[in-house]
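Colleague: My structure file query.txt, compact mmCIF, C-alpha atoms, is below:
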# COMPACT_ATOMS: atom_id res chain seq x y z
CA MET A 1 -126.70 -173.56 72.93
CA SER A 2 -128.03 -176.93 74.08
CA ASN A 3 -128.50 -179.75 71.54
CA LEU A 4 -131.22 -181.40 73.64
CA THR A 5 -134.17 -182.53 71.50
CA SER A 6 -137.73 -183.70 72.09
CA ASP A 7 -136.68 -187.22 71.13
CA ASP A 8 -134.02 -187.17 73.86
CA VAL A 9 -136.63 -186.15 76.41
CA LEU A 10 -139.10 -188.80 75.28
CA ARG A 11 -136.44 -191.51 75.51
CA ALA A 12 -135.77 -190.48 79.11
CA LEU A 13 -139.48 -190.43 79.91
CA LYS A 14 -139.89 -193.94 78.53
CA THR A 15 -137.90 -195.13 81.53
CA ILE A 16 -140.58 -193.81 83.90
CA VAL A 17 -143.14 -196.55 84.54
CA ASP A 18 -146.56 -195.98 86.08
CA PRO A 19 -146.70 -198.70 88.75
CA ASP A 20 -150.51 -198.87 88.59
CA ARG A 21 -150.47 -199.75 84.87
CA ASN A 22 -147.01 -201.27 84.51
CA LYS A 23 -146.33 -199.20 81.40
CA ASP A 24 -144.15 -196.17 80.79
CA VAL A 25 -145.70 -192.70 80.70
CA VAL A 26 -144.99 -192.22 77.00
CA ALA A 27 -146.64 -195.49 75.97
CA LEU A 28 -149.66 -194.56 78.09
CA GLY A 29 -149.97 -191.24 76.29
CA LEU A 30 -149.67 -189.25 79.51
CA ILE A 31 -147.12 -186.73 78.24
CA GLN A 32 -148.74 -183.59 76.85
CA GLY A 33 -147.50 -180.19 75.65
CA LEU A 34 -143.82 -181.15 75.44
CA GLN A 35 -141.59 -178.18 74.61
CA VAL A 36 -137.80 -178.07 74.37
CA LYS A 37 -135.86 -174.89 73.68
CA ASP A 38 -132.19 -174.22 74.43
CA GLY A 39 -132.18 -176.88 77.14
CA HIS A 40 -135.32 -175.63 78.86
CA VAL A 41 -137.98 -178.37 78.98
CA SER A 42 -141.66 -178.18 79.90
CA PHE A 43 -144.41 -180.79 79.73
CA ALA A 44 -147.51 -182.02 81.54
CA ILE A 45 -148.40 -185.48 82.79
CA GLU A 46 -152.11 -185.95 82.24
CA VAL A 47 -153.84 -188.21 84.76
CA SER A 48 -157.45 -188.89 85.66
CA PRO A 49 -159.19 -186.58 88.18
CA THR A 50 -159.48 -189.46 90.67
CA GLU A 51 -155.70 -189.92 90.82
CA GLY A 52 -154.73 -186.31 91.48
CA LEU A 53 -151.80 -185.82 93.83
CA ALA A 54 -151.30 -189.57 94.18
CA LYS A 55 -149.28 -189.28 90.98
CA GLU A 56 -146.92 -186.65 92.38
CA PRO A 57 -144.10 -189.27 92.75
CA LEU A 58 -144.50 -190.03 89.04
CA ARG A 59 -144.10 -186.33 88.20
CA LEU A 60 -141.01 -186.01 90.38
CA ALA A 61 -139.45 -189.10 88.80
CA ALA A 62 -140.10 -187.79 85.30
CA GLU A 63 -138.67 -184.39 86.16
CA LYS A 64 -135.55 -185.97 87.67
CA ALA A 65 -135.00 -188.24 84.65
CA VAL A 66 -135.15 -185.33 82.19
CA LEU A 67 -133.02 -183.04 84.35
CA ALA A 68 -130.28 -185.72 84.31
CA LEU A 69 -130.00 -185.48 80.52
CA LYS A 70 -126.95 -183.81 79.04
CA GLY A 71 -127.89 -180.33 77.95
CA ALA A 72 -130.96 -180.05 80.20
CA ARG A 73 -130.87 -176.64 81.91
CA SER A 74 -134.30 -176.60 83.52
CA VAL A 75 -137.37 -178.81 83.66
CA THR A 76 -140.93 -177.72 84.37
CA ALA A 77 -143.25 -180.72 84.77
CA VAL A 78 -146.82 -180.37 85.99
CA LEU A 79 -149.64 -182.78 86.75
CA THR A 80 -152.92 -182.08 85.02
CA ALA A 81 -156.22 -183.87 85.51
CA HIS A 82 -158.33 -184.04 82.37
CA LYS A 83 -162.08 -183.78 82.89
CA THR A 84 -164.31 -186.18 81.03
CA ALA A 85 -167.01 -184.83 78.76
CA ALA A 86 -169.65 -185.89 81.26
CA SER A 87 -168.10 -183.82 84.05
CA ALA A 88 -167.51 -180.66 82.02
CA PRO A 89 -170.13 -177.88 81.94
CA PRO A 90 -172.22 -177.98 78.72
CA ARG A 91 -170.70 -175.70 76.10
CA ARG A 92 -174.02 -174.44 74.79
CA ALA A 93 -174.94 -173.14 78.21
CA GLY A 94 -172.42 -170.30 77.85
CA LEU A 95 -170.18 -168.51 80.34
CA ASN A 96 -172.92 -167.86 82.88
CA ALA A 97 -173.74 -171.55 83.26
CA GLN A 98 -170.06 -172.48 83.39
CA LEU A 99 -169.37 -169.96 86.14
CA GLN A 100 -172.39 -171.13 88.11
CA ALA A 101 -171.30 -174.75 87.78
CA GLU A 102 -167.73 -173.92 88.81
CA ALA A 103 -168.97 -171.85 91.77
CA GLN A 104 -171.05 -174.65 93.28
CA PRO A 105 -169.80 -175.86 96.67
CA ARG A 106 -167.47 -178.85 96.33
CA ALA A 107 -166.25 -181.46 98.73
CA GLY A 108 -163.59 -179.93 100.92
CA ALA A 109 -164.40 -176.36 99.83
CA ALA A 110 -164.81 -175.29 103.45
CA GLU A 111 -161.27 -176.50 104.16
CA ARG A 112 -159.62 -174.33 101.49
CA GLN A 113 -156.22 -173.27 102.72
CA GLY A 114 -154.08 -170.41 101.58
CA PRO A 115 -150.31 -170.76 101.13
CA PRO A 116 -148.70 -171.58 104.51
CA GLY A 117 -147.55 -168.49 106.37
CA VAL A 118 -149.47 -166.03 104.15
CA LYS A 119 -152.02 -163.92 106.02
CA ALA A 120 -153.96 -162.61 102.98
CA VAL A 121 -154.10 -163.19 99.22
CA ILE A 122 -155.46 -160.49 96.90
CA ALA A 123 -155.99 -160.69 93.14
CA VAL A 124 -155.31 -157.83 90.73
CA ALA A 125 -157.45 -158.52 87.67
CA SER A 126 -158.86 -156.95 84.52
CA GLY A 127 -161.57 -157.87 82.07
CA LYS A 128 -159.27 -157.33 79.08
CA GLY A 129 -155.60 -156.92 78.24
CA GLY A 130 -153.78 -153.67 77.60
CA VAL A 131 -155.11 -151.73 80.59
CA GLY A 132 -151.86 -151.75 82.60
CA LYS A 133 -152.92 -154.35 85.15
CA SER A 134 -149.39 -155.71 85.69
CA THR A 135 -148.02 -152.20 86.16
CA VAL A 136 -150.63 -151.60 88.84
CA ALA A 137 -149.93 -154.97 90.50
CA VAL A 138 -146.15 -154.39 90.65
CA ASN A 139 -146.35 -150.84 91.98
CA LEU A 140 -149.10 -151.75 94.44
CA ALA A 141 -146.92 -154.57 95.80
CA VAL A 142 -143.86 -152.31 96.16
CA ALA A 143 -145.98 -149.60 97.82
CA LEU A 144 -147.42 -152.11 100.29
CA SER A 145 -143.88 -153.21 101.12
CA LYS A 146 -142.69 -149.64 101.68
CA LEU A 147 -145.68 -149.08 103.97
CA GLY A 148 -144.35 -151.80 106.25
CA ARG A 149 -146.03 -155.00 105.02
CA LYS A 150 -144.24 -158.22 104.11
CA VAL A 151 -145.31 -158.72 100.50
CA GLY A 152 -145.10 -161.40 97.83
CA LEU A 153 -145.97 -161.04 94.14
CA LEU A 154 -147.19 -164.00 92.08
CA ASP A 155 -147.30 -163.66 88.30
CA ALA A 156 -150.31 -165.82 87.39
CA ASP A 157 -150.25 -164.88 83.70
CA ILE A 158 -148.89 -168.17 82.37
CA TYR A 159 -149.21 -167.17 78.71
CA GLY A 160 -147.79 -163.65 79.01
CA PRO A 161 -145.59 -163.34 82.11
CA SER A 162 -144.16 -159.83 82.53
CA ILE A 163 -143.19 -159.59 86.19
CA PRO A 164 -139.52 -160.66 85.76
CA ARG A 165 -138.89 -157.80 83.33
CA MET A 166 -140.85 -155.26 85.38
CA LEU A 167 -138.94 -156.16 88.56
CA GLY A 168 -135.58 -156.50 86.80
CA LEU A 169 -135.28 -160.16 87.80
CA THR A 170 -132.68 -162.36 86.10
CA GLY A 171 -131.72 -166.00 86.55
CA LYS A 172 -133.96 -168.75 87.88
CA PRO A 173 -135.44 -169.55 91.29
CA THR A 174 -133.70 -172.24 93.34
CA SER A 175 -134.90 -175.00 95.64
CA LYS A 176 -133.37 -176.14 98.92
CA ASP A 177 -135.08 -179.53 99.04
CA GLY A 178 -136.00 -180.21 95.43
CA LYS A 179 -139.68 -179.88 96.29
CA LYS A 180 -140.39 -176.21 96.97
CA LEU A 181 -139.07 -173.19 95.09
CA GLN A 182 -137.43 -170.27 96.83
CA PRO A 183 -139.04 -167.05 95.59
CA MET A 184 -136.79 -164.49 93.95
CA GLU A 185 -136.41 -161.10 95.62
CA ALA A 186 -136.42 -157.53 94.32
CA TRP A 187 -137.43 -154.11 95.68
CA GLY A 188 -138.46 -155.57 99.03
CA LEU A 189 -140.70 -158.22 97.46
CA LYS A 190 -140.68 -161.98 97.18
CA ALA A 191 -141.72 -162.88 93.64
CA ILE A 192 -142.31 -165.89 91.43
CA SER A 193 -143.26 -166.16 87.77
CA ILE A 194 -143.36 -168.87 85.13
CA GLY A 195 -141.36 -166.31 83.14
CA SER A 196 -138.37 -166.99 85.42
CA LEU A 197 -138.54 -170.71 84.68
CA ILE A 198 -138.58 -170.54 80.87
CA ASP A 199 -136.81 -168.60 78.14
CA GLU A 200 -138.32 -165.14 77.67
CA ASP A 201 -139.16 -165.83 74.02
CA GLN A 202 -140.58 -169.32 74.62
CA PRO A 203 -144.36 -169.50 74.07
CA MET A 204 -146.48 -171.44 76.57
CA ILE A 205 -148.75 -173.57 74.38
CA TRP A 206 -150.68 -175.16 77.24
CA ARG A 207 -154.30 -176.19 77.56
CA GLY A 208 -156.51 -175.01 80.41
CA PRO A 209 -155.92 -177.95 82.79
CA MET A 210 -152.15 -177.52 82.45
CA VAL A 211 -152.43 -173.84 83.29
CA MET A 212 -154.57 -174.63 86.34
CA THR A 213 -152.08 -177.16 87.65
CA ALA A 214 -149.08 -174.89 87.05
CA LEU A 215 -150.83 -172.03 88.85
CA THR A 216 -151.65 -174.27 91.81
CA GLN A 217 -148.00 -175.28 92.09
CA LEU A 218 -146.81 -171.66 91.94
CA ILE A 219 -149.14 -170.88 94.84
CA TYR A 220 -148.49 -173.84 97.11
CA ASP A 221 -145.04 -175.15 96.10
CA VAL A 222 -143.19 -171.90 96.85
CA GLU A 223 -141.69 -170.91 100.22
CA TRP A 224 -143.66 -167.68 100.59
CA ALA A 225 -143.75 -167.50 104.40
CA PRO A 226 -143.81 -165.25 106.23
CA LEU A 227 -146.01 -162.79 104.30
CA ASP A 228 -148.67 -160.29 105.29
CA VAL A 229 -150.09 -160.22 101.80
CA LEU A 230 -149.57 -162.07 98.51
CA VAL A 231 -150.50 -159.97 95.47
CA VAL A 232 -151.51 -162.09 92.48
CA ASP A 233 -151.17 -160.50 89.05
CA MET A 234 -153.93 -162.31 87.17
CA PRO A 235 -154.07 -162.85 83.41
CA PRO A 236 -156.68 -160.73 81.63
CA GLY A 237 -160.20 -162.04 81.16
CA THR A 238 -162.35 -164.54 83.03
CA GLY A 239 -160.84 -167.93 82.34
CA ASP A 240 -159.24 -170.97 83.96
CA ALA A 241 -156.69 -169.10 86.06
CA GLN A 242 -159.35 -166.92 87.69
CA LEU A 243 -161.59 -169.92 88.41
CA THR A 244 -158.68 -171.92 89.82
CA LEU A 245 -157.69 -169.14 92.20
CA ALA A 246 -161.27 -168.49 93.31
CA GLN A 247 -161.95 -172.18 93.96
CA ARG A 248 -158.73 -173.18 95.71
CA VAL A 249 -157.55 -170.10 97.60
CA PRO A 250 -159.48 -168.14 100.27
CA LEU A 251 -159.05 -164.74 98.60
CA ALA A 252 -159.28 -161.67 100.83
CA GLY A 253 -160.45 -159.69 97.82
CA ALA A 254 -159.99 -158.69 94.18
CA ILE A 255 -159.04 -155.39 92.56
CA ILE A 256 -160.33 -154.65 89.07
CA VAL A 257 -158.13 -152.48 86.82
CA SER A 258 -159.66 -150.63 83.89
CA THR A 259 -159.06 -147.61 81.70
CA PRO A 260 -161.82 -144.98 81.46
CA GLN A 261 -162.92 -145.94 77.95
CA ASP A 262 -166.25 -147.65 77.43
CA ILE A 263 -164.88 -150.83 75.79
CA ALA A 264 -162.58 -151.50 78.77
CA LEU A 265 -165.37 -150.83 81.26
CA ILE A 266 -167.64 -153.36 79.55
CA ASP A 267 -165.02 -156.03 80.21
CA ALA A 268 -164.40 -154.72 83.73
CA ARG A 269 -168.07 -155.35 84.52
CA LYS A 270 -167.65 -158.93 83.31
CA GLY A 271 -164.70 -159.35 85.65
CA LEU A 272 -166.77 -158.05 88.56
CA ALA A 273 -169.59 -160.44 87.71
CA MET A 274 -167.20 -163.39 87.57
CA PHE A 275 -165.79 -162.72 91.04
CA LYS A 276 -169.31 -162.29 92.39
CA LYS A 277 -170.40 -165.65 90.96
CA THR A 278 -167.36 -167.34 92.49
CA HIS A 279 -168.02 -165.67 95.87
CA VAL A 280 -164.86 -163.56 95.91
CA PRO A 281 -165.15 -160.10 97.56
CA VAL A 282 -164.33 -157.19 95.26
CA PHE A 283 -162.34 -154.39 96.88
CA GLY A 284 -163.14 -152.00 94.04
CA ILE A 285 -162.10 -150.57 90.67
CA VAL A 286 -158.91 -148.67 89.78
CA GLU A 287 -158.94 -146.26 86.83
CA ASN A 288 -155.55 -146.59 85.13
CA MET A 289 -154.28 -144.20 82.42
CA SER A 290 -156.80 -141.76 83.82
CA THR A 291 -155.15 -138.44 82.95
CA PHE A 292 -152.24 -137.45 80.73
CA VAL A 293 -150.22 -134.37 81.66
CA CYS A 294 -147.92 -133.09 78.94
CA PRO A 295 -144.33 -133.09 80.28
CA ASN A 296 -143.53 -129.97 78.22
CA CYS A 297 -146.46 -127.63 78.78
CA GLY A 298 -148.33 -129.21 81.67
CA HIS A 299 -151.61 -129.41 79.75
CA GLU A 300 -153.97 -132.11 81.05
CA SER A 301 -155.62 -134.42 78.51
CA HIS A 302 -158.07 -137.28 78.88
CA ILE A 303 -156.90 -139.55 76.08
CA PHE A 304 -159.12 -142.50 77.06
CA GLY A 305 -161.87 -140.41 78.62
CA HIS A 306 -162.13 -139.72 82.33
CA GLY A 307 -164.26 -140.78 85.26
CA GLY A 308 -165.74 -143.85 83.61
CA ALA A 309 -164.41 -146.25 86.24
CA ARG A 310 -165.76 -144.08 89.06
CA GLU A 311 -169.21 -144.05 87.47
CA THR A 312 -169.10 -147.81 86.85
CA ALA A 313 -168.10 -148.50 90.44
CA ALA A 314 -171.03 -146.42 91.68
CA LYS A 315 -173.48 -148.27 89.40
CA LEU A 316 -172.18 -151.67 90.48
CA GLY A 317 -172.19 -150.89 94.18
CA THR A 318 -168.45 -151.30 94.72
CA ASP A 319 -165.70 -148.90 95.78
CA PHE A 320 -163.72 -146.63 93.50
CA LEU A 321 -160.09 -147.07 94.55
CA GLY A 322 -158.48 -144.18 92.73
CA GLU A 323 -156.92 -142.84 89.53
CA ILE A 324 -153.49 -143.70 88.13
CA PRO A 325 -152.11 -141.18 85.61
CA LEU A 326 -150.76 -141.96 82.15
CA HIS A 327 -147.16 -140.83 82.47
CA ILE A 328 -143.97 -141.64 80.60
CA ALA A 329 -142.06 -142.18 83.85
CA ILE A 330 -144.35 -145.08 84.80
CA ARG A 331 -143.77 -146.68 81.40
CA GLU A 332 -140.00 -146.16 81.48
CA THR A 333 -139.55 -147.52 84.99
CA SER A 334 -141.73 -150.54 84.23
CA ASP A 335 -139.75 -151.40 81.10
CA GLY A 336 -136.49 -150.77 82.95
CA GLY A 337 -137.23 -153.10 85.87
CA THR A 338 -137.28 -150.28 88.44
CA PRO A 339 -140.91 -149.60 89.47
CA ILE A 340 -141.76 -145.92 89.94
CA THR A 341 -142.72 -146.61 93.57
CA ALA A 342 -139.17 -147.86 94.18
CA ARG A 343 -137.16 -145.43 92.07
CA ASP A 344 -139.04 -142.21 92.78
CA PRO A 345 -141.50 -142.80 95.64
CA GLY A 346 -141.99 -139.06 96.23
CA SER A 347 -143.24 -138.34 92.70
CA ALA A 348 -146.88 -137.58 92.01
CA GLN A 349 -147.10 -140.73 89.86
CA ALA A 350 -145.81 -142.96 92.67
CA GLN A 351 -148.04 -141.27 95.22
CA ALA A 352 -151.10 -142.44 93.27
CA PHE A 353 -149.99 -146.04 93.90
CA PHE A 354 -149.25 -145.33 97.57
CA ALA A 355 -152.77 -143.93 97.97
CA LEU A 356 -154.13 -147.15 96.45
CA ALA A 357 -151.95 -149.24 98.79
CA GLU A 358 -153.25 -147.34 101.83
CA ARG A 359 -156.84 -148.06 100.81
CA ILE A 360 -156.06 -151.77 100.42
CA ILE A 361 -154.34 -151.88 103.81
CA ALA A 362 -157.40 -150.28 105.40
CA LYS A 363 -159.63 -152.95 103.84
CA LEU A 364 -157.36 -155.79 104.91
CA ASP A 365 -157.05 -154.44 108.45
CA ALA A 366 -160.81 -153.92 108.71
CA GLY A 367 -161.53 -157.42 107.45
CA ASP A 368 -163.47 -156.15 104.44
CA GLY A 369 -162.56 -159.33 102.58
CA ARG A 370 -164.88 -161.45 104.72
CA THR A 371 -168.10 -160.51 102.96
CA ALA A 372 -168.70 -159.58 99.35
CA PRO A 373 -170.23 -156.20 98.46
CA ARG A 374 -173.55 -155.97 96.68
CA ILE A 375 -173.06 -155.94 92.91
CA VAL A 376 -176.02 -154.89 90.76
CA MET A 377 -175.87 -155.92 87.10
CA GLU A 378 -177.86 -153.80 84.67
Show me, as structure tokens, the structure contained in the file I just sent.
Modeller:
Amino acid sequence: MSNLTSDDVLRALKTIVDPDRNKDVVALGLIQGLQVKDGHVSFAIEVSPTEGLAKEPLRLAAEKAVLALKGARSVTAVLTAHKTAASAPPRRAGLNAQLQAEAQPRAGAAERQGPPGVKAVIAVASGKGGVGKSTVAVNLAVALSKLGRKVGLLDADIYGPSIPRMLGLTGKPTSKDGKKLQPMEAWGLKAISIGSLIDEDQPMIWRGPMVMTALTQLIYDVEWAPLDVLVVDMPPGTGDAQLTLAQRVPLAGAIIVSTPQDIALIDARKGLAMFKKTHVPVFGIVENMSTFVCPNCGHESHIFGHGGARETAAKLGTDFLGEIPLHIAIRETSDGGTPITARDPGSAQAQAFFALAERIIAKLDAGDGRTAPRIVME
């Protein structure tokens, strides 16, 4: 176990001087969210929005100084630009006003670039947690790979990364040049997750701007190329990560995952509305945990209801992408790091994911991501 402490890290950071202010980053109060656990260090360097990437050399110097410490096993340092109160959307205006403000065209918006060498980026999202979104994202990615596409999987859930466990990934990603990470590989996929850069039990106590910066780096500072499609497993809800992705990456489309129950569908509608407001095409809705078939007697049960996602898709004017069953094999393979689409691709459970993958391929090949479908909110 490493004896590295926060004080050790701060002493190293005091040697890093901001040349524009002629003071060290600690004295300037730029270091935020410092965490040290078993030699794994993470922190953010908070700069003004006008400085942006101009401070990248400062970040690299800070990262190098900490990594040189005895007992330092890994260092995750991100730049984050803190908005002033005047530039932030008014809190009383609510989510609608915030989304509208964030969706307004910005300077350089027309020049948005995806990760180099990646033909299409798709988001797998949900309005709430607990609907099996990550399970769908992993098995969709593996199915796309087995259908002949070059596929990457980005775990964008900074607070609750699960992709390393679900893919059976161990160890940490490497870098050839000290600037870009090499994605890890499993089951025919290239994958990256913040969960591979920190201890599994380490909480990420980061504010929104830090999450946005970390997500941007995981998208652009990874050697993804060449890829046909990058699948992004989004965190649940409609927060900073979703807005960051919608604003900075030309998304081919989004997939909404929901269970059939009413409470999940309410949140799924919110997710659809968010992507519409940020001008991201929605490929459709997937109904996960749709049907349970007893492994002993074969009786079919609808534990969370049935058909709710199909009805919601019809009401909202978007496509229904299919049903994924609730089956113990899907749960066991996910927990075991061997996705059902990789371990038993011929099973009925895996075939549901392959059917979903074929629908997504058809949309990508047809260019359905170029225009958003009509979404009617009731």
Colleague: Need the shell around Glu223 (chain A): protein/DNA/RNA residues with any atom at most 9 Å away, counting all atoms listed in the file. Skip same-chain ones fewer than 3 positions apart. Format as an mmCIF file with C-alpha atoms, in the frame of the given file?
Modeller:
data_model
loop_
_atom_site.group_PDB
_atom_site.id
_atom_site.type_symbol
_atom_site.label_atom_id
_atom_site.label_comp_id
_atom_site.auth_asym_id
_atom_site.auth_seq_id
_atom_site.Cartn_x
_atom_site.Cartn_y
_atom_site.Cartn_z
ATOM 1 C CA PRO A 115 -150.310 -170.760 101.130
ATOM 2 C CA PRO A 116 -148.700 -171.580 104.510
ATOM 3 C CA GLY A 117 -147.550 -168.490 106.370
ATOM 4 C CA LYS A 180 -140.390 -176.210 96.970
ATOM 5 C CA LEU A 181 -139.070 -173.190 95.090
ATOM 6 C CA GLN A 182 -137.430 -170.270 96.830
ATOM 7 C CA PRO A 183 -139.040 -167.050 95.590
ATOM 8 C CA TYR A 220 -148.490 -173.840 97.110
ATOM 9 C CA PRO A 226 -143.810 -165.250 106.230
#
Colleague: Write out as a ChimeraX atom specification which residues come within 10 Å of region 161-167 of chain A when counting only C-alpha atoms, dropping same-chain ones fewer than 5 positions away.
Modeller: /A:134-135,137-139,142,153-156,184-187,189,191-196,200,204,233-235,331-339
Colleague: Which distance in Å separates CA of Asp38 (chain A) and CA of Leu218 (chain A), to one decimal?
Modeller: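 CA of Leu218 (chain A) lies 23.0 Å from CA of Asp38 (chain A).
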Colleague: Rank A:Ala12, A:Ala348, A:Val249, A:Ile256 by their smallest atom-to-atom distance to Ala329 (chain A), using only C-alpha atoms, and report the top residue only.
Modeller: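 Nearest candidate to Ala329 (chain A) out of A:Ala12, A:Ala348, A:Val249, A:Ile256: A:Ala348.
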Colleague: Between A:Ile158, A:Leu251, A:Leu265, A:Val26, single out the one closest to Lys119 (chain A), counting only C-alpha atoms.
Modeller: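 For Lys119 (chain A), the nearest of the candidates is A:Leu251.
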Colleague: Which is closer to Gln113 (chain A) than all the others in A:Leu30, A:Ala314, A:Ala246, A:Ile16, using all atoms listed in the file?
Modeller: A:Ala246
Colleague: Find the residue from A:Ala214, A:Val25, A:Val136, A:Val124 that sits nearest to Ser42 (chain A); use all atoms listed in the file when measuring.
Modeller: A:Ala214
Colleague: What separation in Å, quoted to one decimal, exists between CA of Pro173 (chain A) and CA of Asp228 (chain A)?
Modeller: 21.4 Å
Colleague: Hey, what's within 10 Å of Pro345 (chain A) if we count all atoms listed in the file and toss same-chain stuff fewer than 6 positions away? As a ChimeraX atom specification, please?
Modeller: /A:142-143,146,339,351-354
Colleague: Go ahead and compute the interatomic distance for CA of Leu140 (chain A) and CA of Ala357 (chain A), in Å to one decimal.
Modeller: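 According to the coordinates, CA of Leu140 (chain A) and CA of Ala357 (chain A) are separated by 5.8 Å.
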Colleague: Within 9 Å of Ile303 (chain A), counting all atoms listed in the file, which residues qualify if same-chain residues fewer than 2 places away don't, as JSON, numbers by chain?
Modeller: {"A": [261, 289, 290, 291, 292, 301, 305, 306, 326]}
Colleague: Which neighbours of Ser2 (chain A) fall inside 9 Å, counting all atoms listed in the file, when residues of the same chain fewer than 5 positions from it are skipped, and could you give them as a PyMOL selection string?
Modeller: chain A and resi 37-40+70-73
Colleague: Between A:Val211, A:Ala77, A:Val121, A:Ile360, which is the closest to Gly160 (chain A) once you count all atoms listed in the file?
Modeller: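 The shortest atom-to-atom distance to Gly160 (chain A) comes from A:Val211.
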Colleague: Restricting the calculation to all atoms listed in the file, which member of A:Gly129, A:Gly284, A:Gly148, A:Gly178 is positioned closest to Lys64 (chain A)?
Modeller: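 Closest to Lys64 (chain A), using all atoms listed in the file: A:Gly178.
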